[in-house]
>>> print(open('target.csv').read())   # CSV, C-alpha atoms and all ligand atoms
chain,number,residue,atom,x,y,z
A,10,MET,CA,-75.5,-8.1,160.7
A,11,ASP,CA,-74.7,-4.4,159.9
A,12,SER,CA,-76.2,-4.5,156.4
A,13,GLU,CA,-79.8,-3.6,155.8
A,14,ASN,CA,-82.4,-6.0,154.4
A,15,LEU,CA,-83.0,-5.2,150.7
A,16,LEU,CA,-86.4,-7.0,150.6
A,17,PRO,CA,-89.4,-5.1,151.8
A,18,ARG,CA,-91.1,-8.2,153.2
A,19,ASP,CA,-91.3,-12.0,153.3
A,20,GLY,CA,-87.6,-12.8,153.4
A,21,GLU,CA,-84.1,-11.4,153.7
A,22,ALA,CA,-81.3,-10.3,151.3
A,23,TYR,CA,-78.2,-8.6,152.4
A,24,LEU,CA,-75.4,-7.2,150.2
A,25,PHE,CA,-71.8,-6.9,151.4
A,26,PRO,CA,-69.6,-5.0,148.9
A,27,GLN,CA,-65.9,-5.8,148.7
A,28,VAL,CA,-65.8,-8.9,151.0
A,29,PHE,CA,-62.8,-9.6,148.7
A,30,SER,CA,-60.5,-6.7,147.7
A,31,PRO,CA,-60.1,-5.9,144.0
A,32,GLU,CA,-56.6,-7.5,143.9
A,33,GLU,CA,-57.9,-10.7,145.6
A,34,SER,CA,-60.9,-10.8,143.4
A,35,GLN,CA,-58.8,-10.6,140.3
A,36,GLN,CA,-56.5,-13.3,141.4
A,37,LEU,CA,-59.4,-15.6,142.5
A,38,PHE,CA,-61.2,-14.9,139.2
A,39,GLN,CA,-58.2,-16.0,137.2
A,40,SER,CA,-57.5,-19.1,139.2
A,41,LEU,CA,-61.1,-20.2,139.1
A,42,TYR,CA,-61.5,-19.4,135.4
A,43,GLN,CA,-58.4,-21.6,134.6
A,44,ASN,CA,-58.6,-24.4,137.1
A,45,VAL,CA,-62.3,-25.2,137.6
A,46,ILE,CA,-63.7,-28.0,135.3
A,47,TRP,CA,-66.4,-25.9,133.6
A,48,ARG,CA,-69.2,-27.8,131.9
A,49,GLN,CA,-72.2,-26.8,129.9
A,50,GLU,CA,-75.1,-29.0,131.2
A,51,GLU,CA,-78.2,-30.1,129.3
A,52,ILE,CA,-81.2,-29.6,131.6
A,53,ILE,CA,-85.0,-30.3,131.4
A,54,LEU,CA,-87.0,-27.0,131.2
A,55,PHE,CA,-90.8,-27.3,130.8
A,56,GLY,CA,-90.3,-30.9,129.6
A,57,ARG,CA,-87.7,-30.1,126.9
A,58,LYS,CA,-84.0,-30.6,126.8
A,59,VAL,CA,-82.0,-27.4,126.6
A,60,MET,CA,-78.4,-26.4,127.0
A,61,GLN,CA,-77.9,-24.0,130.0
A,62,PRO,CA,-76.9,-20.5,128.9
A,63,ARG,CA,-73.7,-20.6,131.1
A,64,LEU,CA,-71.0,-23.0,132.3
A,65,THR,CA,-71.2,-24.6,135.7
A,66,ALA,CA,-69.4,-26.8,138.3
A,67,TRP,CA,-70.4,-28.3,141.7
A,68,CYS,CA,-67.8,-28.6,144.4
A,69,ALA,CA,-68.8,-30.1,147.7
A,70,ASP,CA,-68.2,-32.7,150.4
A,71,SER,CA,-68.0,-36.0,148.7
A,72,ASP,CA,-71.4,-37.4,149.6
A,73,LYS,CA,-73.3,-34.2,148.6
A,74,HIS,CA,-74.9,-34.6,145.2
A,75,LEU,CA,-76.8,-31.6,143.7
A,76,ARG,CA,-80.1,-32.4,142.0
A,77,TYR,CA,-82.1,-29.7,140.1
A,78,SER,CA,-83.9,-29.3,136.7
A,79,GLY,CA,-83.6,-33.0,136.0
A,80,ILE,CA,-79.8,-33.3,136.5
A,81,THR,CA,-77.6,-34.7,139.2
A,82,MET,CA,-74.2,-33.2,139.7
A,83,ILE,CA,-71.5,-35.4,141.3
A,84,PRO,CA,-69.2,-33.1,143.4
A,85,ASP,CA,-65.7,-32.2,142.5
A,86,PRO,CA,-63.4,-31.8,145.5
A,87,TRP,CA,-62.7,-28.5,147.3
A,88,SER,CA,-59.6,-26.7,145.9
A,89,LYS,CA,-57.5,-24.4,148.1
A,90,GLU,CA,-59.0,-21.3,146.5
A,91,LEU,CA,-62.5,-22.5,147.3
A,92,ILE,CA,-61.6,-23.3,150.9
A,93,LEU,CA,-60.3,-19.8,151.3
A,94,ILE,CA,-63.4,-18.2,149.8
A,95,LYS,CA,-65.7,-20.5,151.8
A,96,SER,CA,-64.1,-19.6,155.1
A,97,ARG,CA,-64.4,-15.8,154.4
A,98,VAL,CA,-68.0,-16.3,153.4
A,99,GLU,CA,-68.8,-18.4,156.5
A,100,SER,CA,-67.4,-15.7,158.8
A,101,VAL,CA,-69.6,-13.0,157.2
A,102,ALA,CA,-72.7,-15.3,157.1
A,103,ARG,CA,-72.0,-16.8,160.5
A,104,GLN,CA,-73.0,-20.2,159.3
A,105,SER,CA,-71.3,-23.2,157.6
A,106,PHE,CA,-71.7,-24.5,154.1
A,107,ASN,CA,-70.9,-27.9,152.5
A,108,GLY,CA,-71.2,-27.2,148.8
A,109,VAL,CA,-70.8,-24.5,146.2
A,110,LEU,CA,-72.4,-24.2,142.8
A,111,LEU,CA,-70.1,-22.3,140.4
A,112,ASN,CA,-71.5,-20.3,137.4
A,113,LEU,CA,-69.4,-18.9,134.6
A,114,TYR,CA,-71.2,-16.3,132.5
A,115,ARG,CA,-68.9,-16.0,129.5
A,116,ASP,CA,-70.4,-12.6,128.5
A,117,GLY,CA,-73.7,-10.8,128.7
A,118,ARG,CA,-75.5,-13.3,126.5
A,119,ASP,CA,-75.1,-15.9,129.3
A,120,SER,CA,-77.8,-15.6,132.0
A,121,MET,CA,-79.9,-17.4,134.6
A,122,GLY,CA,-83.8,-17.5,134.4
A,123,TRP,CA,-86.3,-16.9,137.1
A,124,HIS,CA,-86.1,-19.5,139.8
A,125,GLN,CA,-86.1,-20.2,143.5
A,126,ASP,CA,-83.4,-22.2,145.3
A,127,ASN,CA,-85.9,-24.4,147.2
A,128,GLU,CA,-84.8,-27.9,146.7
A,129,VAL,CA,-85.7,-30.2,149.6
A,130,GLU,CA,-82.1,-31.0,150.2
A,131,LEU,CA,-81.6,-27.4,151.3
A,132,GLY,CA,-84.1,-27.7,154.1
A,133,ARG,CA,-86.5,-25.0,155.3
A,134,ARG,CA,-85.5,-21.4,155.2
A,135,PRO,CA,-82.0,-22.0,153.7
A,136,CYS,CA,-79.2,-19.4,153.7
A,137,ILE,CA,-77.5,-19.1,150.3
A,138,ALA,CA,-74.3,-17.1,150.0
A,139,SER,CA,-73.5,-15.7,146.6
A,140,VAL,CA,-70.1,-14.4,145.7
A,141,SER,CA,-69.3,-12.4,142.5
A,142,PHE,CA,-66.1,-12.0,140.6
A,143,GLY,CA,-65.5,-10.2,137.3
A,144,ALA,CA,-68.0,-8.2,135.2
A,145,HIS,CA,-70.7,-6.4,137.2
A,146,ARG,CA,-74.2,-7.8,136.4
A,147,SER,CA,-77.8,-6.9,137.4
A,148,PHE,CA,-79.7,-9.3,139.7
A,149,HIS,CA,-83.5,-9.1,140.0
A,150,PHE,CA,-85.9,-10.4,142.6
A,151,LYS,CA,-89.7,-10.6,142.1
A,152,HIS,CA,-92.3,-11.6,144.7
A,153,ARG,CA,-94.1,-14.8,143.8
A,154,SER,CA,-97.7,-13.7,144.6
A,155,THR,CA,-97.3,-9.9,144.0
A,156,GLN,CA,-95.4,-10.1,140.7
A,157,ASP,CA,-95.0,-6.3,140.2
A,158,LEU,CA,-93.1,-6.2,143.5
A,159,LYS,CA,-89.5,-6.2,142.3
A,160,VAL,CA,-86.1,-5.5,143.8
A,161,LYS,CA,-83.1,-4.8,141.4
A,162,LEU,CA,-79.4,-4.9,142.5
A,163,GLU,CA,-76.0,-4.7,140.9
A,164,LEU,CA,-73.6,-7.5,141.9
A,165,GLU,CA,-70.1,-6.1,141.8
A,166,ASP,CA,-66.7,-7.7,141.8
A,167,GLY,CA,-65.8,-9.0,145.2
A,168,SER,CA,-69.3,-8.7,146.7
A,169,LEU,CA,-71.3,-11.2,148.8
A,170,LEU,CA,-75.1,-11.4,148.6
A,171,LEU,CA,-76.8,-13.4,151.4
A,172,MET,CA,-80.4,-14.7,150.8
A,173,GLN,CA,-82.0,-16.2,153.9
A,174,GLY,CA,-85.1,-16.5,156.0
A,175,ASP,CA,-88.2,-16.8,153.9
A,176,CYS,CA,-86.5,-15.4,150.8
A,177,GLN,CA,-86.6,-18.7,148.7
A,178,ASP,CA,-90.3,-19.3,149.7
A,179,HIS,CA,-91.7,-16.0,148.6
A,180,TRP,CA,-89.2,-14.5,146.0
A,181,LEU,CA,-87.9,-15.6,142.6
A,182,HIS,CA,-84.5,-14.3,141.4
A,183,CYS,CA,-82.7,-14.2,138.0
A,184,LEU,CA,-79.6,-12.8,136.3
A,185,PRO,CA,-80.9,-11.2,133.1
A,186,LYS,CA,-79.0,-11.0,129.8
A,187,ARG,CA,-77.0,-7.8,129.2
A,188,LEU,CA,-76.0,-7.8,125.5
A,189,ARG,CA,-73.6,-4.9,125.9
A,190,ILE,CA,-71.4,-6.7,128.5
A,191,ASP,CA,-68.5,-8.5,126.8
A,192,ARG,CA,-66.6,-9.6,129.9
A,193,PRO,CA,-67.0,-12.8,131.9
A,194,ARG,CA,-68.3,-13.1,135.4
A,195,ILE,CA,-67.9,-15.9,137.9
A,196,ASN,CA,-70.5,-16.5,140.6
A,197,LEU,CA,-70.3,-18.9,143.5
A,198,THR,CA,-73.4,-19.8,145.5
A,199,PHE,CA,-72.5,-21.6,148.7
A,200,ARG,CA,-75.2,-23.9,150.1
A,201,LYS,CA,-75.7,-26.3,153.0
A,202,LEU,CA,-77.2,-29.6,152.0
A,203,LEU,CA,-78.8,-31.7,154.7
B,1,LIG,O1,-75.2,-15.6,139.1
B,1,LIG,C1,-75.9,-15.2,140.1
B,1,LIG,O2,-75.7,-14.2,140.7
B,1,LIG,C2,-77.1,-16.1,140.4
B,1,LIG,C3,-76.8,-17.5,140.7
B,1,LIG,C4,-78.0,-18.3,141.2
B,1,LIG,O3,-79.1,-17.7,141.5
B,1,LIG,C5,-77.9,-19.7,141.5
B,1,LIG,O4,-76.8,-20.3,141.3
B,1,LIG,O5,-78.9,-20.3,142.0
B,2,FE,FE,-80.4,-19.0,142.6
>>> encode(input="target.csv", output="structure tokens", more="lines below")
Ligand SMILES: O=C(O)CCC(=O)C(=O)O
Ligand SMILES: [Fe+2]
Amino acid sequence: MDSENLLPRDGEAYLFPQVFSPEESQQLFQSLYQNVIWRQEEIILFGRKVMQPRLTAWCADSDKHLRYSGITMIPDPWSKELILIKSRVESVARQSFNGVLLNLYRDGRDSMGWHQDNEVELGRRPCIASVSFGAHRSFHFKHRSTQDLKVKLELEDGSLLLMQGDCQDHWLHCLPKRLRIDRPRINLTFRKLL
């Protein structure tokens, strides 16, 4: 891997800019924006029902259901765009995936709170491959036991972020609100469910 680890310890995060060219990214953004069946899910957060501050979809092999925050997502099938993106991502990550969670942040008011992707279905030390199209957004990591240890990145159009090794055990991540951003962003996190 010829990208350097962005985490100082306890896990790995690698950022690959322009895995998709600006032209490809724009085309893929448009096609995903129009063709994915985007839904706003109601989840359970600290025992209360809340609407997620973004739209989502889950595309995967037909027997792979995604369970998190009190919901179960039944997979939609792979489209030809998603198969193309998945194979590009698999060649950079040098590993295979069988599902992708899609997030549509309509503007800077949409966000994702602090979390770890550590569901049991992902197994130990999962590799999660996160592709970004559209508006650039900040992405933050914070260490679980040393909370003032933070790493901040910008996720640009066409980039790929790989989180792997012990990352999900020791680090939380989030996508903070950015009220000045008025453009949408699509993010795809490829996962391998056991
Ligand atoms: O939108 C992002 O970059 C973060 C997505 C994420 O962390 C997730 O889907 O688990
Ligand atoms: Fe995540």
>>> residues_near_ligand(input="target.csv", ligand="ligand FE 2 (chain B)", cutoff="7 Å", atoms="only C-alpha atoms and all ligand atoms", output="count of residues only")
4
>>> closest_residue(input="target.csv", among="A:Arg48, A:His149, A:His179, A:Arg115", to="Asn127 (chain A)", atoms="all atoms listed in the file")
A:His179
>>> closest_residue(input="target.csv", among="A:Asp175, A:Asp191, A:Asp119, A:Asp85", to="ligand LIG 1 (chain B)", atoms="all atoms listed in the file")
A:Asp119
>>> residues_around(input="target.csv", residues="Ser141 (chain A)", least_positions_apart="6", cutoff="6 Å", atoms="all atoms listed in the file", output="PyMOL selection string")
chain A and resi 166-168+195-196
>>> closest_residue(input="target.csv", among="A:Glu128, A:Asp157, A:Asp178, A:Asp72", to="ligand LIG 1 (chain B)", atoms="all atoms listed in the file")
A:Glu128
>>> atom_distance(input="target.csv", atom1="CA of Gly122 (chain A)", atom2="CA of Gly174 (chain A)")
21.7 Å
>>> residues_near_ligand(input="target.csv", ligand="ligand LIG 1 (chain B)", cutoff="10 Å", atoms="only C-alpha atoms and all ligand atoms", output="PyMOL selection string")
chain A and resi 63+65+109-114+119-127+137-142+145-149+163-165+169-170+172+181-185+194-200
>>> atom_distance(input="target.csv", atom1="CA of Trp180 (chain A)", atom2="CA of Ser105 (chain A)")
23.0 Å
>>> atom_distance(input="target.csv", atom1="CA of Gln61 (chain A)", atom2="CA of Leu15 (chain A)")
28.4 Å
>>> residues_near_point(input="target.csv", point="(-78.0, -32.0, 137.9)", cutoff="10 Å", atoms="all atoms listed in the file", output="PyMOL selection string")
chain A and resi 50-53+67+74-83
>>> residues_around(input="target.csv", residues="Ser40 (chain A)", least_positions_apart="5", cutoff="9 Å", atoms="only C-alpha atoms", output="compact mmCIF listing (two decimals) with C-alpha atoms, in the frame of the given file")
# COMPACT_ATOMS: atom_id res chain seq x y z
CA GLN A 35 -58.80 -10.60 140.30
CA VAL A 45 -62.30 -25.20 137.60
CA GLU A 90 -59.00 -21.30 146.50
>>> closest_residue(input="target.csv", among="A:Asp11, A:Arg134, A:Lys151, A:Ser30", to="Val101 (chain A)", atoms="all atoms listed in the file")
A:Asp11
>>> residues_around(input="target.csv", residues="Ser71 (chain A)", least_positions_apart="5", cutoff="10 Å", atoms="all atoms listed in the file", output="list in words")
Ile83, Pro84, Asp85, Pro86, Trp87, Asn107 and Gly108 of chain A
